[in-house]
file work04.cif (mmCIF, C-alpha atoms and all ligand atoms)
data_model
#
loop_
_atom_site.label_atom_id
_atom_site.label_comp_id
_atom_site.auth_asym_id
_atom_site.auth_seq_id
_atom_site.Cartn_x
_atom_site.Cartn_y
_atom_site.Cartn_z
CA MET A 1339 4.26 24.27 16.07
CA ASN A 1340 6.16 27.20 14.74
CA ASN A 1341 7.59 25.67 11.61
CA SER A 1342 7.43 26.34 7.93
CA ILE A 1343 5.58 23.31 6.60
CA ASN A 1344 4.56 24.46 3.14
CA VAL A 1345 1.22 22.80 2.49
CA LEU A 1346 0.74 24.54 -0.83
CA ARG A 1347 4.02 23.09 -2.03
CA ILE A 1348 2.92 19.60 -0.97
CA LEU A 1349 -0.44 19.95 -2.71
CA SER A 1350 1.17 21.34 -5.84
CA ARG A 1351 3.53 18.34 -5.88
CA VAL A 1352 0.55 16.01 -5.48
CA GLU A 1353 -0.90 17.61 -8.63
CA GLN A 1354 2.39 17.27 -10.51
CA LEU A 1355 2.57 13.58 -9.68
CA ALA A 1356 -1.07 13.17 -10.68
CA HIS A 1357 0.05 14.03 -14.21
CA CYS A 1358 2.40 11.03 -14.20
CA SER A 1359 -0.53 8.80 -15.11
CA GLU A 1360 -1.42 6.31 -17.85
CA GLN A 1361 -4.58 8.25 -18.62
CA ALA A 1362 -5.14 12.01 -18.66
CA ASP A 1363 -8.51 11.88 -16.90
CA GLY A 1364 -7.56 9.60 -14.01
CA MET A 1365 -4.70 8.23 -12.00
CA THR A 1366 -2.94 5.01 -12.91
CA ARG A 1367 0.76 4.60 -12.26
CA VAL A 1368 2.00 1.05 -12.15
CA TYR A 1369 5.39 -0.41 -11.38
CA LEU A 1370 8.16 -0.03 -13.98
CA SER A 1371 6.03 2.06 -16.34
CA SER A 1372 7.11 5.28 -18.03
CA GLU A 1373 4.84 7.09 -15.52
CA HIS A 1374 6.76 5.43 -12.70
CA ARG A 1375 10.00 6.73 -14.21
CA MET A 1376 8.55 10.27 -14.52
CA ALA A 1377 7.37 10.23 -10.90
CA ASN A 1378 10.76 9.00 -9.70
CA GLU A 1379 12.47 11.84 -11.54
CA ARG A 1380 10.26 14.46 -9.91
CA VAL A 1381 10.72 12.96 -6.45
CA LEU A 1382 14.51 12.81 -6.91
CA GLU A 1383 14.48 16.54 -7.72
CA TRP A 1384 12.46 17.35 -4.62
CA MET A 1385 14.65 15.21 -2.38
CA ASN A 1386 17.69 16.99 -3.78
CA GLU A 1387 16.12 20.38 -3.10
CA ALA A 1388 15.46 19.25 0.47
CA GLY A 1389 19.16 18.60 1.02
CA MET A 1390 19.14 14.83 0.63
CA THR A 1391 21.53 12.65 -1.31
CA CYS A 1392 19.33 10.40 -3.33
CA HIS A 1393 19.18 7.59 -5.85
CA VAL A 1394 16.87 5.05 -7.42
CA ASP A 1395 17.65 1.72 -5.76
CA ALA A 1396 17.94 -1.73 -7.31
CA VAL A 1397 14.19 -2.40 -7.31
CA GLY A 1398 13.13 1.07 -8.50
CA ASN A 1399 12.40 2.83 -5.19
CA VAL A 1400 13.52 6.43 -4.79
CA VAL A 1401 15.69 6.72 -1.70
CA GLY A 1402 16.93 9.98 -0.14
CA ARG A 1403 19.19 10.37 2.84
CA TYR A 1404 19.55 13.38 5.12
CA GLU A 1405 22.60 13.03 7.31
CA GLY A 1406 22.48 13.62 11.05
CA LEU A 1407 24.97 15.45 13.26
CA SER A 1408 27.74 13.34 11.79
CA PRO A 1409 27.80 11.29 8.60
CA GLY A 1410 26.82 7.63 8.63
CA LEU A 1411 24.52 7.58 11.68
CA PRO A 1412 21.70 5.00 11.78
CA SER A 1413 18.52 6.35 10.29
CA LEU A 1414 14.88 6.85 11.01
CA VAL A 1415 13.17 5.66 7.81
CA LEU A 1416 10.10 7.53 6.53
CA GLY A 1417 8.10 6.86 3.41
CA SER A 1418 5.20 5.36 1.55
CA HIS A 1419 4.48 4.34 -2.04
CA LEU A 1420 4.42 6.15 -5.37
CA ASP A 1421 2.39 3.63 -7.37
CA THR A 1422 -1.40 3.65 -7.60
CA VAL A 1423 -4.20 1.20 -8.24
CA ARG A 1424 -6.00 1.45 -11.60
CA ASP A 1425 -7.96 4.67 -11.66
CA GLY A 1426 -6.95 5.37 -8.08
CA GLY A 1427 -6.57 8.52 -6.04
CA ARG A 1428 -3.79 11.05 -5.88
CA TYR A 1429 -3.02 10.87 -2.14
CA ASP A 1430 -2.85 7.14 -1.37
CA GLY A 1431 0.86 6.59 -0.69
CA ILE A 1432 2.01 9.73 -2.44
CA LEU A 1433 1.11 12.00 0.48
CA GLY A 1434 3.33 10.04 2.87
CA VAL A 1435 6.35 10.45 0.61
CA LEU A 1436 5.74 14.17 0.06
CA ALA A 1437 5.08 14.79 3.77
CA ALA A 1438 8.38 13.15 4.66
CA ILE A 1439 10.28 15.21 2.06
CA GLU A 1440 8.59 18.36 3.38
CA CYS A 1441 9.69 17.63 6.94
CA VAL A 1442 13.28 17.13 5.81
CA ASP A 1443 13.05 20.34 3.80
CA VAL A 1444 12.06 22.25 6.94
CA LEU A 1445 14.95 20.76 8.94
CA ASN A 1446 17.36 21.51 6.12
CA ALA A 1447 16.13 25.11 5.73
CA GLN A 1448 16.79 25.60 9.44
CA SER A 1449 20.18 23.85 9.15
CA GLN A 1450 19.01 21.38 11.76
CA ARG A 1451 20.88 18.12 12.07
CA LEU A 1452 19.62 15.47 14.45
CA GLY A 1453 21.28 12.69 16.40
CA PHE A 1454 20.29 10.28 13.63
CA ALA A 1455 19.99 10.33 9.86
CA ILE A 1456 16.65 10.35 8.04
CA THR A 1457 16.01 8.09 5.06
CA VAL A 1458 12.96 8.89 2.93
CA ILE A 1459 11.72 6.19 0.54
CA GLY A 1460 9.18 6.48 -2.28
CA PHE A 1461 8.35 2.79 -2.69
CA ALA A 1462 7.98 1.64 -6.28
CA ASP A 1463 5.27 -0.97 -5.94
CA GLU A 1464 2.95 -1.34 -3.01
CA GLU A 1465 -0.35 -1.98 -4.74
CA GLY A 1466 0.80 -4.97 -6.77
CA VAL A 1467 -1.32 -3.95 -9.77
CA ARG A 1468 1.04 -4.98 -12.53
CA PHE A 1469 2.45 -8.28 -11.25
CA GLN A 1470 -0.32 -9.25 -8.81
CA SER A 1471 2.10 -9.23 -5.92
CA THR A 1472 2.13 -6.42 -3.40
CA TYR A 1473 4.96 -4.62 -1.61
CA LEU A 1474 7.69 -5.39 -4.16
CA GLY A 1475 9.52 -2.16 -3.24
CA SER A 1476 9.42 -2.56 0.53
CA ARG A 1477 10.12 -6.31 0.30
CA ALA A 1478 13.44 -5.47 -1.33
CA VAL A 1479 14.33 -2.80 1.26
CA ALA A 1480 13.40 -5.16 4.09
CA GLY A 1481 15.63 -7.83 2.55
CA VAL A 1482 12.76 -10.30 2.03
CA PHE A 1483 12.38 -10.15 -1.75
CA ASP A 1484 12.08 -13.78 -2.84
CA ALA A 1485 13.88 -14.38 -6.17
CA GLU A 1486 10.91 -16.55 -7.26
CA LEU A 1487 8.92 -13.35 -7.63
CA LEU A 1488 10.97 -12.62 -10.74
CA GLN A 1489 8.96 -15.35 -12.51
CA LEU A 1490 5.75 -13.32 -12.17
CA LYS A 1491 4.24 -12.07 -15.41
CA ASP A 1492 2.12 -9.04 -16.15
CA ALA A 1493 -1.11 -9.13 -18.18
CA GLN A 1494 0.90 -8.89 -21.42
CA GLY A 1495 3.04 -11.87 -20.43
CA MET A 1496 6.15 -9.81 -19.67
CA GLY A 1497 8.16 -11.25 -16.78
CA LEU A 1498 9.09 -9.13 -13.78
CA GLY A 1499 12.81 -9.67 -14.39
CA GLU A 1500 12.47 -8.63 -18.03
CA ALA A 1501 10.43 -5.53 -17.09
CA MET A 1502 13.10 -4.56 -14.57
CA ARG A 1503 15.80 -4.84 -17.22
CA GLU A 1504 13.74 -2.79 -19.65
CA PHE A 1505 13.42 -0.10 -16.95
CA GLY A 1506 17.22 -0.10 -16.54
CA LEU A 1507 17.39 -2.18 -13.36
CA ASN A 1508 19.33 -5.38 -12.85
CA PRO A 1509 17.20 -8.06 -11.13
CA GLU A 1510 20.36 -9.85 -10.02
CA LYS A 1511 21.15 -6.85 -7.85
CA ILE A 1512 17.86 -6.61 -5.97
CA HIS A 1513 19.62 -7.61 -2.74
CA GLU A 1514 21.49 -4.28 -2.95
CA ALA A 1515 18.25 -2.46 -2.13
CA ALA A 1516 18.12 -4.14 1.30
CA MET A 1517 18.91 -1.89 4.25
CA ASP A 1518 21.22 -3.09 6.97
CA ARG A 1519 19.06 -3.62 10.08
CA GLN A 1520 21.82 -2.23 12.32
CA ALA A 1521 21.60 1.03 10.38
CA VAL A 1522 17.83 1.45 10.86
CA LEU A 1523 16.17 2.80 14.02
CA ALA A 1524 12.50 2.54 13.01
CA TYR A 1525 10.05 3.07 10.13
CA MET A 1526 7.27 5.69 10.24
CA GLU A 1527 4.65 6.16 7.51
CA LEU A 1528 2.08 8.91 7.18
CA HIS A 1529 -0.94 7.88 5.09
CA ILE A 1530 -4.55 8.83 4.48
CA GLU A 1531 -6.89 6.72 6.60
CA GLN A 1532 -8.89 5.36 3.62
CA GLY A 1533 -11.79 4.91 6.04
CA PRO A 1534 -14.35 7.14 7.75
CA VAL A 1535 -13.32 7.15 11.42
CA LEU A 1536 -11.24 10.32 11.80
CA GLU A 1537 -13.49 12.42 9.58
CA ARG A 1538 -16.59 11.30 11.47
CA GLU A 1539 -14.98 12.34 14.75
CA LEU A 1540 -13.71 15.63 13.28
CA LEU A 1541 -10.11 14.68 14.08
CA PRO A 1542 -7.21 15.75 11.84
CA VAL A 1543 -4.86 12.95 12.79
CA GLY A 1544 -4.68 9.49 14.38
CA VAL A 1545 -2.20 6.94 15.76
CA VAL A 1546 -2.32 3.61 13.94
CA THR A 1547 -2.30 0.57 16.22
CA GLY A 1548 -1.78 -2.11 13.57
CA ILE A 1549 -2.48 -3.26 10.04
CA ASN A 1550 -4.94 -6.02 9.18
CA GLY A 1551 -3.62 -9.28 7.80
CA ALA A 1552 -4.66 -10.00 4.21
CA ALA A 1553 -4.90 -12.91 1.79
CA ARG A 1554 -5.24 -12.52 -1.97
CA TYR A 1555 -6.45 -15.20 -4.34
CA ALA A 1556 -6.97 -15.90 -8.02
CA VAL A 1557 -9.93 -18.26 -8.62
CA THR A 1558 -10.92 -20.00 -11.85
CA PHE A 1559 -14.22 -21.83 -12.42
CA LYS A 1560 -14.39 -23.95 -15.57
CA GLY A 1561 -17.70 -25.13 -16.97
CA GLU A 1562 -18.84 -25.43 -20.57
CA ALA A 1563 -19.57 -22.66 -23.04
CA GLY A 1564 -22.70 -23.09 -25.13
CA HIS A 1565 -25.48 -21.39 -27.07
CA ALA A 1566 -27.54 -19.05 -24.89
CA GLY A 1567 -30.69 -19.83 -26.84
CA THR A 1568 -30.53 -23.58 -27.32
CA VAL A 1569 -28.93 -25.18 -24.25
CA PRO A 1570 -31.70 -25.94 -21.73
CA MET A 1571 -31.42 -24.13 -18.40
CA VAL A 1572 -31.31 -27.35 -16.45
CA GLY A 1573 -27.95 -29.03 -16.69
CA ARG A 1574 -25.97 -26.02 -17.89
CA ARG A 1575 -22.40 -25.70 -16.61
CA ASP A 1576 -22.48 -21.90 -16.45
CA ALA A 1577 -19.28 -20.65 -14.81
CA LEU A 1578 -20.57 -17.08 -14.46
CA ALA A 1579 -23.79 -18.04 -12.66
CA ALA A 1580 -21.65 -20.15 -10.32
CA ALA A 1581 -19.30 -17.23 -9.70
CA ALA A 1582 -22.28 -14.97 -8.94
CA GLU A 1583 -23.50 -17.47 -6.34
CA ALA A 1584 -19.99 -17.71 -4.88
CA ILE A 1585 -19.56 -13.95 -4.67
CA VAL A 1586 -22.81 -13.46 -2.78
CA TRP A 1587 -21.88 -16.32 -0.43
CA ILE A 1588 -18.50 -14.67 0.27
CA GLU A 1589 -20.17 -11.32 0.90
CA ASN A 1590 -22.63 -12.89 3.34
CA LEU A 1591 -19.85 -14.64 5.21
CA ALA A 1592 -18.07 -11.32 5.74
CA LEU A 1593 -21.32 -9.53 6.60
CA ASN A 1594 -21.95 -12.09 9.31
CA THR A 1595 -18.42 -12.35 10.68
CA PRO A 1596 -17.24 -9.51 12.92
CA ASP A 1597 -13.84 -8.05 11.98
CA LEU A 1598 -13.74 -9.69 8.56
CA THR A 1599 -13.78 -8.15 5.10
CA ALA A 1600 -13.97 -10.21 1.91
CA THR A 1601 -14.07 -8.71 -1.56
CA VAL A 1602 -14.25 -9.95 -5.12
CA GLY A 1603 -12.95 -6.92 -6.98
CA ALA A 1604 -12.10 -8.26 -10.44
CA ILE A 1605 -13.85 -10.75 -12.67
CA ARG A 1606 -13.49 -11.97 -16.26
CA ALA A 1607 -15.95 -14.20 -18.05
CA LEU A 1608 -14.92 -16.18 -21.13
CA PRO A 1609 -15.61 -16.19 -23.96
CA GLY A 1610 -17.51 -13.08 -22.82
CA ALA A 1611 -20.36 -12.72 -25.27
CA LEU A 1612 -24.01 -11.80 -24.85
CA ASN A 1613 -25.34 -14.96 -26.46
CA VAL A 1614 -22.84 -17.46 -25.06
CA ILE A 1615 -22.99 -19.30 -21.72
CA ALA A 1616 -19.76 -18.46 -19.90
CA GLY A 1617 -17.48 -21.49 -20.02
CA GLN A 1618 -14.84 -20.03 -17.75
CA VAL A 1619 -14.67 -17.32 -15.13
CA GLU A 1620 -11.65 -15.92 -13.38
CA PHE A 1621 -12.03 -13.74 -10.33
CA SER A 1622 -9.96 -12.23 -7.54
CA MET A 1623 -10.59 -12.54 -3.83
CA ASP A 1624 -9.27 -10.38 -1.00
CA VAL A 1625 -9.85 -11.50 2.61
CA ARG A 1626 -8.73 -9.39 5.59
CA SER A 1627 -8.95 -9.18 9.33
CA ALA A 1628 -7.09 -7.70 12.28
CA HIS A 1629 -7.20 -11.20 13.75
CA ASP A 1630 -5.26 -13.88 11.91
CA ALA A 1631 -7.41 -16.69 13.36
CA ILE A 1632 -10.63 -15.10 12.03
CA ARG A 1633 -9.09 -14.58 8.59
CA GLU A 1634 -7.64 -18.08 8.39
CA LYS A 1635 -10.94 -19.67 9.45
CA ALA A 1636 -12.79 -17.63 6.82
CA GLN A 1637 -10.28 -18.60 4.14
CA LYS A 1638 -10.84 -22.30 4.88
CA ALA A 1639 -14.63 -21.85 4.83
CA ILE A 1640 -14.53 -19.99 1.52
CA GLU A 1641 -12.23 -22.53 -0.13
CA GLN A 1642 -14.53 -25.34 0.98
CA GLU A 1643 -17.68 -23.56 -0.19
CA LEU A 1644 -16.23 -22.78 -3.61
CA ASN A 1645 -15.24 -26.43 -4.08
CA ASN A 1646 -18.67 -27.68 -2.93
CA LEU A 1647 -20.48 -25.22 -5.13
CA CYS A 1648 -18.44 -26.24 -8.18
CA ASP A 1649 -19.01 -29.95 -7.46
CA ARG A 1650 -22.74 -29.33 -7.28
CA ARG A 1651 -22.70 -27.47 -10.60
CA HIS A 1652 -20.28 -29.90 -12.26
CA LEU A 1653 -17.57 -27.30 -12.71
CA SER A 1654 -13.89 -27.50 -11.94
CA CYS A 1655 -12.50 -25.10 -9.38
CA HIS A 1656 -8.89 -23.85 -9.13
CA ILE A 1657 -8.02 -21.65 -6.19
CA THR A 1658 -4.56 -20.06 -6.08
CA LEU A 1659 -3.40 -18.21 -3.00
CA LEU A 1660 -1.36 -15.35 -4.43
CA GLN A 1661 -0.13 -14.04 -1.13
CA SER A 1662 -0.95 -13.77 2.50
CA THR A 1663 0.36 -11.43 5.18
CA LYS A 1664 -0.30 -11.70 8.88
CA ALA A 1665 -1.64 -8.80 10.92
CA THR A 1666 1.12 -6.31 11.76
CA ALA A 1667 1.29 -4.48 15.08
CA CYS A 1668 2.62 -0.94 15.21
CA ALA A 1669 5.29 -0.89 17.94
CA GLY A 1670 4.03 0.40 21.29
CA TRP A 1671 7.03 2.67 21.77
CA LEU A 1672 6.43 4.32 18.36
CA GLN A 1673 2.70 4.68 19.03
CA ALA A 1674 3.61 6.43 22.29
CA GLN A 1675 5.93 8.86 20.50
CA VAL A 1676 3.31 9.62 17.83
CA ALA A 1677 0.70 10.13 20.56
CA SER A 1678 3.05 12.51 22.36
CA ALA A 1679 3.68 14.47 19.14
CA ILE A 1680 -0.11 14.74 18.58
CA SER A 1681 -0.67 16.01 22.14
CA VAL A 1682 2.16 18.51 21.95
CA GLU A 1683 0.62 19.81 18.73
CA GLY A 1684 -2.62 20.34 20.63
CA HIS A 1685 -4.81 17.58 19.18
CA LYS A 1686 -6.79 14.75 20.70
CA VAL A 1687 -5.04 11.39 20.56
CA ARG A 1688 -7.16 8.82 18.74
CA TYR A 1689 -5.89 5.28 18.22
CA LEU A 1690 -7.25 3.30 15.27
CA PRO A 1691 -6.36 0.20 13.25
CA SER A 1692 -5.69 0.11 9.51
CA GLY A 1693 -7.91 -1.99 7.28
CA ALA A 1694 -5.65 -1.25 4.29
CA GLY A 1695 -2.21 -2.70 3.72
CA HIS A 1696 0.88 -0.49 3.78
CA ASP A 1697 4.61 -0.73 3.15
CA ALA A 1698 4.95 -0.78 6.94
CA VAL A 1699 3.86 -4.44 6.75
CA MET A 1700 7.04 -5.43 4.91
CA MET A 1701 9.23 -2.88 6.70
CA ASN A 1702 8.23 -4.64 9.92
CA GLN A 1703 10.45 -7.54 8.77
CA LEU A 1704 13.35 -5.11 9.08
CA THR A 1705 12.48 -2.88 12.01
CA ASP A 1706 9.73 -1.64 14.33
CA VAL A 1707 7.06 0.32 12.49
CA GLY A 1708 4.55 3.05 13.24
CA MET A 1709 1.97 4.98 11.25
CA ILE A 1710 0.15 8.30 11.35
CA PHE A 1711 -3.23 8.66 9.66
CA ILE A 1712 -4.95 11.78 8.43
CA PRO A 1713 -8.60 11.71 7.30
CA CYS A 1714 -9.74 11.64 3.70
CA LEU A 1715 -13.10 12.79 2.40
CA ARG A 1716 -15.83 10.31 3.41
CA GLY A 1717 -13.12 7.69 3.73
CA ILE A 1718 -13.10 7.29 -0.05
CA SER A 1719 -9.91 5.81 -1.48
CA HIS A 1720 -8.78 3.68 -4.43
CA ASN A 1721 -11.00 6.04 -6.32
CA PRO A 1722 -10.26 9.25 -8.27
CA ARG A 1723 -12.54 11.08 -5.82
CA GLU A 1724 -10.01 10.60 -3.02
CA SER A 1725 -9.62 13.99 -1.33
CA VAL A 1726 -8.01 15.62 1.71
CA THR A 1727 -8.16 19.09 3.29
CA SER A 1728 -5.10 21.31 3.40
CA HIS A 1729 -5.73 21.74 7.15
CA ASP A 1730 -5.42 18.00 7.78
CA VAL A 1731 -2.30 17.79 5.60
CA GLN A 1732 -0.82 20.66 7.61
CA VAL A 1733 -1.60 18.99 10.93
CA GLY A 1734 -0.35 15.60 9.71
CA CYS A 1735 2.97 17.12 8.61
CA GLU A 1736 3.32 19.09 11.83
CA VAL A 1737 2.79 15.93 13.83
CA LEU A 1738 5.30 14.05 11.67
CA LEU A 1739 7.83 16.84 12.07
CA ARG A 1740 7.24 16.96 15.83
CA PHE A 1741 7.62 13.18 15.97
CA ILE A 1742 10.94 13.43 14.10
CA SER A 1743 12.23 16.27 16.28
CA GLN A 1744 11.34 14.42 19.49
CA PHE A 1745 12.33 10.97 18.22
CA LYS A 1746 14.24 8.77 20.60
CA ALA A 1747 15.37 5.35 19.44
CA LEU A 1748 14.25 2.31 21.42
CA GLY A 1749 16.26 2.12 24.63
CA GLU A 1750 17.28 5.79 24.58
CA ASN A 1751 16.40 7.73 27.71
CA HIS A 1752 13.19 9.71 27.70
CA ASP A 1753 13.18 12.69 30.01
C1 LIG B 1 -3.35 -1.47 -0.57
O1 LIG B 1 -3.78 -0.35 -0.79
C2 LIG B 1 -4.26 -2.46 -0.08
O2 LIG B 1 -4.56 -2.45 1.12
O3 LIG B 1 -4.80 -3.24 -0.88
MN MN B 2 -3.73 1.72 -1.97
MN MN B 3 -1.43 3.14 0.20
#

call {"tool": "encode", "arguments": {"input": "work04.cif", "output": "structure tokens", "more": "lines below"}}
Ligand code: GLV
Ligand code: MN
Ligand code: MN
result
Amino acid sequence: MNNSINVLRILSRVEQLAHCSEQADGMTRVYLSSEHRMANERVLEWMNEAGMTCHVDAVGNVVGRYEGLSPGLPSLVLGSHLDTVRDGGRYDGILGVLAAIECVDVLNAQSQRLGFAITVIGFADEEGVRFQSTYLGSRAVAGVFDAELLQLKDAQGMGLGEAMREFGLNPEKIHEAAMDRQAVLAYMELHIEQGPVLERELLPVGVVTGINGAARYAVTFKGEAGHAGTVPMVGRRDALAAAAEAIVWIENLALNTPDLTATVGAIRALPGALNVIAGQVEFSMDVRSAHDAIREKAQKAIEQELNNLCDRRHLSCHITLLQSTKATACAGWLQAQVASAISVEGHKVRYLPSGAGHDAVMMNQLTDVGMIFIPCLRGISHNPRESVTSHDVQVGCEVLLRFISQFKALGENHD
């Protein structure tokens, strides 16, 4: 496509945002942190430069609007998230926001106005790192932010509502972040694949068919702490040994169940000393599948196994389901328009599902959603070694721009 997508500008912005990090030698940007504020400020500048009117909404998302042929038209919403996991990568989420801004910049530079407005959103919290609840930004935009979430606390014991106030937001106004569904035509998100499929097939871009459902848990095993040298091995109530057995059981279940992933990614043993039997262990659990029935069956089996295992070892077991989202389908009519944009740009159309969660999951409560993937190096993500090629970024943006230029809302005539 003959356009002026400026990949170097996108990549330079990625680097600038990478500096908005808790640590200098890695990438951590969590919700309502000073790094979040810095990132928002940069993104607001870039949205402004691209001809958008923009603001930080009631939950802390950055929202920019590019008017269509006349003011106030319904909008095509584009975006992704600006937060990261701990020690994450620089493209996960961020690239989708910057790609969307770049596309608007190109339209604006060519004084092109379309038959609809474009809204670009840099979501404030997708990863859920700080408050252990994902999609806080897109929940608010989709109008499904449950006020009970305000009771959540971060690791320091600060409540979500209090953290919002400290950031300058008013939790009582969260509903103001919700978009009116009549004013939204669809949601489209460009994202790195975070898996190996496109790279393996040497493809620069893919059409996402849907997003796996996911359940997240916090589990606590309580046994009895004791002296590592004096308490006989038989009869110990070692919470860490029990957790180790549980983790391997969970891994085996997922290894032997097609279309299921199950991960224990965080663990804490207490009191946590070399010469003390662990009296308590807390660990996380993440269970996903494209098929809700498979995931739900696995969740039941895991819960039962953890309880049985703790009974056998004379431990207590507390399992808390933190959240669960069903599998999300990308709308067929949006997949078709992404596929058409990919073909027109001269690339092979490859459909693939998403194992990772995305803001599109929550945005689907508001409107139909679609996604475009570009490859990332060896599929590595949630890792500082996350990497993309400028060629794939270029192609991804060209496809997104082509999609925008050709976009027809559901029910509009296609000729
Ligand atoms: C978000 O990145 C998730 O899928 O956990
Ligand atoms: Mn992520
Ligand atoms: Mn992401």

call {"tool": "closest_atom_pairs", "arguments": {"input": "work04.cif", "of": "range 1704-1743 of chain A", "to": "range 1540-1548 of chain A", "cutoff": "8 Å", "atoms": "all atoms listed in the file", "output": "tab-separated table"}}
result
residue	atom	partner	partner_atom	distance
A:Gly1708	CA	A:Val1546	CA	6.9
A:Met1709	CA	A:Val1546	CA	5.2
A:Ile1710	CA	A:Val1545	CA	5.2
A:Phe1711	CA	A:Gly1544	CA	5.0
A:Ile1712	CA	A:Val1543	CA	4.5
A:Pro1713	CA	A:Pro1542	CA	6.2
A:His1729	CA	A:Pro1542	CA	7.8
A:Asp1730	CA	A:Pro1542	CA	5.0
A:Val1733	CA	A:Pro1542	CA	6.5
A:Gly1734	CA	A:Val1543	CA	6.1

call {"tool": "write_last_selection", "arguments": {"input": "work04.cif", "atoms": "C-alpha atoms", "output": "compact mmCIF listing (two decimals), keeping the file's coordinate frame"}}
result
# COMPACT_ATOMS: atom_id res chain seq x y z
CA GLY A 1708 4.55 3.05 13.24
CA MET A 1709 1.97 4.98 11.25
CA ILE A 1710 0.15 8.30 11.35
CA PHE A 1711 -3.23 8.66 9.66
CA ILE A 1712 -4.95 11.78 8.43
CA PRO A 1713 -8.60 11.71 7.30
CA HIS A 1729 -5.73 21.74 7.15
CA ASP A 1730 -5.42 18.00 7.78
CA VAL A 1733 -1.60 18.99 10.93
CA GLY A 1734 -0.35 15.60 9.71

call {"tool": "closest_residue", "arguments": {"input": "work04.cif", "among": "A:Glu1504, A:Asp1484, A:Glu1405, A:Asp1492", "to": "Ala1455 in chain A", "atoms": "only C-alpha atoms"}}
result
A:Glu1405

call {"tool": "residues_near_ligand", "arguments": {"input": "work04.cif", "ligand": "ligand LIG 1 (chain B)", "cutoff": "9 Å", "atoms": "only C-alpha atoms and all ligand atoms", "output": "VMD selection string"}}
result
chain A and resid 1422 to 1423 1430 to 1431 1464 to 1466 1472 to 1473 1532 1550 1552 1624 1692 to 1697 1719 to 1720

call {"tool": "atom_distance", "arguments": {"input": "work04.cif", "atom1": "CA of Thr1601 in chain A", "atom2": "CA of Val1625 in chain A"}}
result
6.6 Å

call {"tool": "closest_residue", "arguments": {"input": "work04.cif", "among": "A:Glu1724, A:Glu1360, A:Glu1440, A:Asp1518", "to": "ligand MN 3 (chain B)", "atoms": "only C-alpha atoms and all ligand atoms"}}
result
A:Glu1724

call {"tool": "closest_residue", "arguments": {"input": "work04.cif", "among": "A:Ala1616, A:Leu1739, A:Met1700, A:Leu1349", "to": "Thr1666 in chain A", "atoms": "only C-alpha atoms"}}
result
A:Met1700

call {"tool": "atom_distance", "arguments": {"input": "work04.cif", "atom1": "CA of Arg1538 in chain A", "atom2": "CA of Glu1353 in chain A"}}
result
26.3 Å

call {"tool": "residues_around", "arguments": {"input": "work04.cif", "residues": "Tyr1369 in chain A", "least_positions_apart": "6", "cutoff": "8 Å", "atoms": "only C-alpha atoms", "output": "PyMOL selection string"}}
result
chain A and resi 1421+1462-1463+1466-1468

call {"tool": "closest_residue", "arguments": {"input": "work04.cif", "among": "A:Glu1683, A:Glu1620, A:Glu1537, A:Asp1630", "to": "Thr1558 in chain A", "atoms": "only C-alpha atoms"}}
result
A:Glu1620

call {"tool": "atom_distance", "arguments": {"input": "work04.cif", "atom1": "CA of Leu1738 in chain A", "atom2": "CA of Pro1412 in chain A"}}
result
18.7 Å

call {"tool": "closest_residue", "arguments": {"input": "work04.cif", "among": "A:Asn1702, A:Asn1721, A:Gln1520, A:Thr1391", "to": "ligand MN 2 (chain B)", "atoms": "all atoms listed in the file"}}
result
A:Asn1721

call {"tool": "decode", "arguments": {"input": "work04.cif", "residues": "range 1367-1394 of chain A", "atoms": "C-alpha atoms", "output": "short mmCIF file (atom, residue, chain, number, x, y, z; two decimals), in the first residue's frame"}}
result
data_model
loop_
_atom_site.label_atom_id
_atom_site.label_comp_id
_atom_site.auth_asym_id
_atom_site.auth_seq_id
_atom_site.Cartn_x
_atom_site.Cartn_y
_atom_site.Cartn_z
CA ARG A 1367 4.68 -0.74 34.34
CA VAL A 1368 1.72 -1.45 36.55
CA TYR A 1369 -1.64 0.25 36.90
CA LEU A 1370 -1.77 3.64 38.63
CA SER A 1371 2.00 3.87 39.09
CA SER A 1372 4.14 6.89 38.30
CA GLU A 1373 5.35 4.95 35.22
CA HIS A 1374 1.73 4.58 34.13
CA ARG A 1375 1.31 8.34 34.44
CA MET A 1376 4.49 8.97 32.39
CA ALA A 1377 3.35 6.58 29.66
CA ASN A 1378 -0.09 8.22 29.53
CA GLU A 1379 1.52 11.62 29.10
CA ARG A 1380 3.63 10.45 26.17
CA VAL A 1381 0.68 8.75 24.49
CA LEU A 1382 -1.49 11.85 24.93
CA GLU A 1383 1.20 13.89 23.15
CA TRP A 1384 1.34 11.44 20.25
CA MET A 1385 -2.43 11.30 19.92
CA ASN A 1386 -2.50 15.08 19.83
CA GLU A 1387 0.16 15.15 17.14
CA ALA A 1388 -1.94 12.69 15.14
CA GLY A 1389 -4.87 15.10 15.13
CA MET A 1390 -6.95 13.48 17.86
CA THR A 1391 -8.74 15.12 20.74
CA CYS A 1392 -7.73 13.13 23.74
CA HIS A 1393 -8.05 12.70 27.48
CA VAL A 1394 -7.38 10.31 30.33
#
